[in-house]
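Student: This one is upload_0.pdb, PDB, C-alpha atoms.
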```pdb
MODEL        1
ATOM      1  CA  MET W 610    -172.532 -89.688  -0.719  1.00  0.00           C
ATOM      2  CA  SER W 611    -170.998 -90.605   2.628  1.00  0.00           C
ATOM      3  CA  ARG W 612    -173.287 -90.632   5.680  1.00  0.00           C
ATOM      4  CA  PRO W 613    -172.140 -90.372   9.276  1.00  0.00           C
ATOM      5  CA  HIS W 614    -174.818 -92.890  10.360  1.00  0.00           C
ATOM      6  CA  ARG W 615    -175.536 -96.550   9.538  1.00  0.00           C
ATOM      7  CA  THR W 616    -179.044 -97.895   8.898  1.00  0.00           C
ATOM      8  CA  LEU W 617    -180.222-101.497   8.898  1.00  0.00           C
ATOM      9  CA  HIS W 618    -183.665-102.705   7.750  1.00  0.00           C
ATOM     10  CA  GLY W 619    -185.127-106.111   8.498  1.00  0.00           C
ATOM     11  CA  GLU W 620    -188.199-108.258   8.950  1.00  0.00           C
ATOM     12  CA  LEU W 621    -189.107-110.862  11.553  1.00  0.00           C
ATOM     13  CA  LEU W 622    -191.876-113.418  11.126  1.00  0.00           C
ATOM     14  CA  TYR W 623    -194.030-114.411  14.092  1.00  0.00           C
ATOM     15  CA  THR W 624    -194.862-118.115  13.914  1.00  0.00           C
ATOM     16  CA  SER W 625    -197.408-120.189  15.801  1.00  0.00           C
ATOM     17  CA  ARG W 626    -196.752-122.879  18.389  1.00  0.00           C
ATOM     18  CA  ALA W 627    -200.440-123.816  18.576  1.00  0.00           C
ATOM     19  CA  PRO W 628    -201.185-127.501  17.944  1.00  0.00           C
ATOM     20  CA  GLY W 629    -201.862-128.073  14.270  1.00  0.00           C
ATOM     21  CA  ARG W 630    -200.466-124.627  13.354  1.00  0.00           C
ATOM     22  CA  GLU W 631    -196.835-125.084  14.401  1.00  0.00           C
ATOM     23  CA  GLY W 632    -194.558-122.949  12.259  1.00  0.00           C
ATOM     24  CA  HIS W 633    -197.373-121.114  10.426  1.00  0.00           C
ATOM     25  CA  GLU W 634    -196.966-117.365  10.101  1.00  0.00           C
ATOM     26  CA  ARG W 635    -199.231-115.424  12.465  1.00  0.00           C
ATOM     27  CA  GLY W 636    -197.663-111.988  12.161  1.00  0.00           C
ATOM     28  CA  ARG W 637    -194.612-109.973  11.205  1.00  0.00           C
ATOM     29  CA  GLU W 638    -192.403-107.115  12.310  1.00  0.00           C
ATOM     30  CA  PHE W 639    -190.613-104.651  10.055  1.00  0.00           C
ATOM     31  CA  PHE W 640    -187.797-102.778  11.736  1.00  0.00           C
ATOM     32  CA  THR W 641    -185.161-100.156  11.082  1.00  0.00           C
ATOM     33  CA  THR W 642    -182.204 -99.434  13.336  1.00  0.00           C
ATOM     34  CA  THR W 643    -180.041 -96.376  12.867  1.00  0.00           C
ATOM     35  CA  THR W 644    -176.669 -95.925  14.570  1.00  0.00           C
ATOM     36  CA  HIS W 645    -175.564 -92.308  14.651  1.00  0.00           C
ATOM     37  CA  ALA W 646    -171.986 -90.984  14.570  1.00  0.00           C
ATOM     38  CA  ASP W 647    -172.034 -90.301  18.342  1.00  0.00           C
ATOM     39  CA  GLY W 648    -173.003 -93.939  19.087  1.00  0.00           C
ATOM     40  CA  SER W 649    -176.671 -93.229  19.845  1.00  0.00           C
ATOM     41  CA  ARG W 650    -179.205 -95.532  18.198  1.00  0.00           C
ATOM     42  CA  THR W 651    -182.853 -95.412  17.131  1.00  0.00           C
ATOM     43  CA  LEU W 652    -185.105 -98.436  16.612  1.00  0.00           C
ATOM     44  CA  GLN W 653    -188.355 -98.143  14.668  1.00  0.00           C
ATOM     45  CA  ALA W 654    -190.666-101.156  14.499  1.00  0.00           C
ATOM     46  CA  HIS W 655    -194.026-101.819  12.875  1.00  0.00           C
ATOM     47  CA  CYS W 656    -195.571-105.028  14.217  1.00  0.00           C
ATOM     48  CA  GLU W 657    -198.644-106.862  12.923  1.00  0.00           C
ATOM     49  CA  ILE W 658    -200.341-109.841  14.580  1.00  0.00           C
ATOM     50  CA  ASP W 659    -202.999-111.520  12.460  1.00  0.00           C
ATOM     51  CA  ASP W 660    -204.743-113.559  15.192  1.00  0.00           C
ATOM     52  CA  PRO W 661    -208.236-112.281  15.955  1.00  0.00           C
ATOM     53  CA  PRO W 662    -208.466-109.556  16.934  1.00  0.00           C
ATOM     54  CA  PRO W 663    -205.620-108.266  14.764  1.00  0.00           C
ATOM     55  CA  VAL W 664    -203.038-106.103  16.561  1.00  0.00           C
ATOM     56  CA  VAL W 665    -200.832-103.373  15.077  1.00  0.00           C
ATOM     57  CA  ARG W 666    -198.062-101.820  17.183  1.00  0.00           C
ATOM     58  CA  ASP W 667    -195.743 -98.993  16.132  1.00  0.00           C
ATOM     59  CA  VAL W 668    -192.681 -98.234  18.257  1.00  0.00           C
ATOM     60  CA  THR W 669    -189.843 -95.708  18.124  1.00  0.00           C
ATOM     61  CA  LEU W 670    -187.184 -96.295  20.783  1.00  0.00           C
ATOM     62  CA  ALA W 671    -183.986 -94.261  21.195  1.00  0.00           C
ATOM     63  CA  PHE W 672    -180.784 -95.161  23.035  1.00  0.00           C
ATOM     64  CA  GLY W 673    -178.050 -92.713  23.988  1.00  0.00           C
ATOM     65  CA  PRO W 674    -174.364 -93.329  23.220  1.00  0.00           C
ATOM     66  CA  HIS W 675    -174.086 -94.940  26.683  1.00  0.00           C
ATOM     67  CA  GLY W 676    -176.467 -97.720  25.530  1.00  0.00           C
ATOM     68  CA  ARG W 677    -179.321 -96.821  27.885  1.00  0.00           C
ATOM     69  CA  PRO W 678    -182.798 -95.861  26.594  1.00  0.00           C
ATOM     70  CA  THR W 679    -183.590 -92.141  26.374  1.00  0.00           C
ATOM     71  CA  ASP W 680    -187.169 -92.068  25.073  1.00  0.00           C
ATOM     72  CA  CYS W 681    -189.826 -94.256  23.487  1.00  0.00           C
ATOM     73  CA  ALA W 682    -193.205 -93.794  21.779  1.00  0.00           C
ATOM     74  CA  VAL W 683    -195.698 -96.616  21.270  1.00  0.00           C
ATOM     75  CA  ARG W 684    -199.067 -96.691  19.467  1.00  0.00           C
ATOM     76  CA  LEU W 685    -201.390 -99.688  19.575  1.00  0.00           C
ATOM     77  CA  SER W 686    -204.448-100.683  17.525  1.00  0.00           C
ATOM     78  CA  VAL W 687    -206.552-103.743  18.313  1.00  0.00           C
ATOM     79  CA  GLY W 688    -209.202-104.956  15.886  1.00  0.00           C
ATOM     80  CA  ASP W 689    -208.244-102.080  13.553  1.00  0.00           C
ATOM     81  CA  ARG W 690    -209.262 -99.537  16.212  1.00  0.00           C
ATOM     82  CA  PHE W 691    -207.020 -97.257  18.219  1.00  0.00           C
ATOM     83  CA  ALA W 692    -206.383 -98.833  21.635  1.00  0.00           C
ATOM     84  CA  GLY W 693    -203.802 -96.515  23.170  1.00  0.00           C
ATOM     85  CA  SER W 694    -200.493 -94.769  22.992  1.00  0.00           C
ATOM     86  CA  SER W 695    -197.672 -93.883  25.340  1.00  0.00           C
ATOM     87  CA  TRP W 696    -194.505 -91.880  25.509  1.00  0.00           C
ATOM     88  CA  PHE W 697    -191.649 -92.621  27.883  1.00  0.00           C
ATOM     89  CA  ARG W 698    -188.667 -90.482  28.826  1.00  0.00           C
ATOM     90  CA  PHE W 699    -185.801 -92.127  30.673  1.00  0.00           C
ATOM     91  CA  ARG W 700    -183.295 -90.161  32.713  1.00  0.00           C
ATOM     92  CA  GLU W 701    -180.614 -90.592  35.325  1.00  0.00           C
ATOM     93  CA  ARG W 702    -181.803 -90.706  38.944  1.00  0.00           C
TER      94      ARG W 702
ENDMDL
END
```
Before we go any further, please render this structure as structure tokens.
Tutor:
Amino acid sequence: MSRPHRTLHGELLYTSRAPGREGHERGREFFTTTTHADGSRTLQAHCEIDDPPPVVRDVTLAFGPHGRPTDCAVRLSVGDRFAGSSWFRFRER
């Protein structure tokens, strides 16, 4: 089946620069980017930081075909407890 959009999945590792822990994994980010037929794009990311207190961040960020952001939602947990959320809408001035 042919799709008019392209999707890419990936993972980034967060590594430490702390003395004695250089290069050790301290977190990770799983992401998906989707490019739609009209050139607009969506990025979804799930980020985990293991350092105490542990942090989990979920983000969905959209870009219009012009390459500028259109909207974004973020949710944050610290120490496995909800810490906050936000929603942004970007528009021309």
Student: When the PyMOL selection byres ((chain W and resi 616-631) around 7) is applied to the structure above, which residues does it catch, written out as a ChimeraX atom specification?
Tutor: /W:614-615,632-644
Student: Quick one: distance from atom CA of Asp689 of chain W to atom CA of Val665 of chain W in Å, one decimal?
Tutor: 7.7 Å
Student: Do you know which residues the PyMOL selection byres ((chain W and resi 687) around 7) returns on this file, as a PyMOL selection string?
Tutor: chain W and resi 662-665+685-686+688-692
Student: I'd like the interatomic distance between atom CA of Trp696 of chain W and atom CA of Phe672 of chain W, to a tenth of an Å.
Tutor: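 Computed distance, atom CA of Trp696 of chain W to atom CA of Phe672 of chain W, equals 14.3 Å.
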Student: On this structure, the PyMOL selection byres ((chain W and resi 701) around 10) would catch which residues? List them as JSON, numbers by chain, sorted by chain and number.
Tutor: {"W": [677, 679, 699, 700, 702]}
Student: In Å, with one decimal, what is the gap from atom CA of Pro661 of chain W to atom CA of Arg684 of chain W?
Tutor: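 Going from atom CA of Pro661 of chain W over to atom CA of Arg684 of chain W covers 18.4 Å.
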Student: With the input short on atoms, add N, CA and C atoms back to segment 635-652 of chain W and write it as a PDB file, in the coordinates of the input.
Tutor:
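After the write, out.pdb holds the following:
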```
ATOM      1  N   ARG W 635    -198.079-116.054  11.816  1.00  0.00           N
ATOM      2  CA  ARG W 635    -199.231-115.424  12.465  1.00  0.00           C
ATOM      3  C   ARG W 635    -199.052-113.919  12.614  1.00  0.00           C
ATOM      4  N   GLY W 636    -197.918-113.417  12.094  1.00  0.00           N
ATOM      5  CA  GLY W 636    -197.663-111.988  12.161  1.00  0.00           C
ATOM      6  C   GLY W 636    -196.267-111.678  11.673  1.00  0.00           C
ATOM      7  N   ARG W 637    -195.930-110.382  11.703  1.00  0.00           N
ATOM      8  CA  ARG W 637    -194.612-109.973  11.205  1.00  0.00           C
ATOM      9  C   ARG W 637    -194.213-108.656  11.848  1.00  0.00           C
ATOM     10  N   GLU W 638    -192.930-108.375  11.785  1.00  0.00           N
ATOM     11  CA  GLU W 638    -192.403-107.115  12.310  1.00  0.00           C
ATOM     12  C   GLU W 638    -191.379-106.575  11.322  1.00  0.00           C
ATOM     13  N   PHE W 639    -191.560-105.341  10.929  1.00  0.00           N
ATOM     14  CA  PHE W 639    -190.613-104.651  10.055  1.00  0.00           C
ATOM     15  C   PHE W 639    -189.860-103.664  10.938  1.00  0.00           C
ATOM     16  N   PHE W 640    -188.547-103.661  10.855  1.00  0.00           N
ATOM     17  CA  PHE W 640    -187.797-102.778  11.736  1.00  0.00           C
ATOM     18  C   PHE W 640    -186.678-102.062  10.991  1.00  0.00           C
ATOM     19  N   THR W 641    -186.294-100.939  11.558  1.00  0.00           N
ATOM     20  CA  THR W 641    -185.161-100.156  11.082  1.00  0.00           C
ATOM     21  C   THR W 641    -184.362 -99.735  12.307  1.00  0.00           C
ATOM     22  N   THR W 642    -183.075 -99.949  12.283  1.00  0.00           N
ATOM     23  CA  THR W 642    -182.204 -99.434  13.336  1.00  0.00           C
ATOM     24  C   THR W 642    -181.213 -98.477  12.691  1.00  0.00           C
ATOM     25  N   THR W 643    -180.998 -97.361  13.345  1.00  0.00           N
ATOM     26  CA  THR W 643    -180.041 -96.376  12.867  1.00  0.00           C
ATOM     27  C   THR W 643    -179.029 -96.129  13.976  1.00  0.00           C
ATOM     28  N   THR W 644    -177.751 -96.246  13.643  1.00  0.00           N
ATOM     29  CA  THR W 644    -176.669 -95.925  14.570  1.00  0.00           C
ATOM     30  C   THR W 644    -176.049 -94.624  14.106  1.00  0.00           C
ATOM     31  N   HIS W 645    -176.056 -93.647  14.983  1.00  0.00           N
ATOM     32  CA  HIS W 645    -175.564 -92.308  14.651  1.00  0.00           C
ATOM     33  C   HIS W 645    -174.070 -92.198  14.959  1.00  0.00           C
ATOM     34  N   ALA W 646    -173.435 -91.171  14.429  1.00  0.00           N
ATOM     35  CA  ALA W 646    -171.986 -90.984  14.570  1.00  0.00           C
ATOM     36  C   ALA W 646    -171.550 -90.926  16.034  1.00  0.00           C
ATOM     37  N   ASP W 647    -172.410 -90.411  16.927  1.00  0.00           N
ATOM     38  CA  ASP W 647    -172.034 -90.301  18.342  1.00  0.00           C
ATOM     39  C   ASP W 647    -172.273 -91.593  19.119  1.00  0.00           C
ATOM     40  N   GLY W 648    -172.754 -92.656  18.441  1.00  0.00           N
ATOM     41  CA  GLY W 648    -173.003 -93.939  19.087  1.00  0.00           C
ATOM     42  C   GLY W 648    -174.435 -94.116  19.551  1.00  0.00           C
ATOM     43  N   SER W 649    -175.262 -93.071  19.477  1.00  0.00           N
ATOM     44  CA  SER W 649    -176.671 -93.229  19.845  1.00  0.00           C
ATOM     45  C   SER W 649    -177.376 -94.031  18.755  1.00  0.00           C
ATOM     46  N   ARG W 650    -178.483 -94.672  19.138  1.00  0.00           N
ATOM     47  CA  ARG W 650    -179.205 -95.532  18.198  1.00  0.00           C
ATOM     48  C   ARG W 650    -180.704 -95.273  18.285  1.00  0.00           C
ATOM     49  N   THR W 651    -181.397 -95.513  17.182  1.00  0.00           N
ATOM     50  CA  THR W 651    -182.853 -95.412  17.131  1.00  0.00           C
ATOM     51  C   THR W 651    -183.398 -96.687  16.500  1.00  0.00           C
ATOM     52  N   LEU W 652    -184.408 -97.263  17.136  1.00  0.00           N
ATOM     53  CA  LEU W 652    -185.105 -98.436  16.612  1.00  0.00           C
ATOM     54  C   LEU W 652    -186.528 -98.027  16.281  1.00  0.00           C
TER      55      LEU W 652
END
```
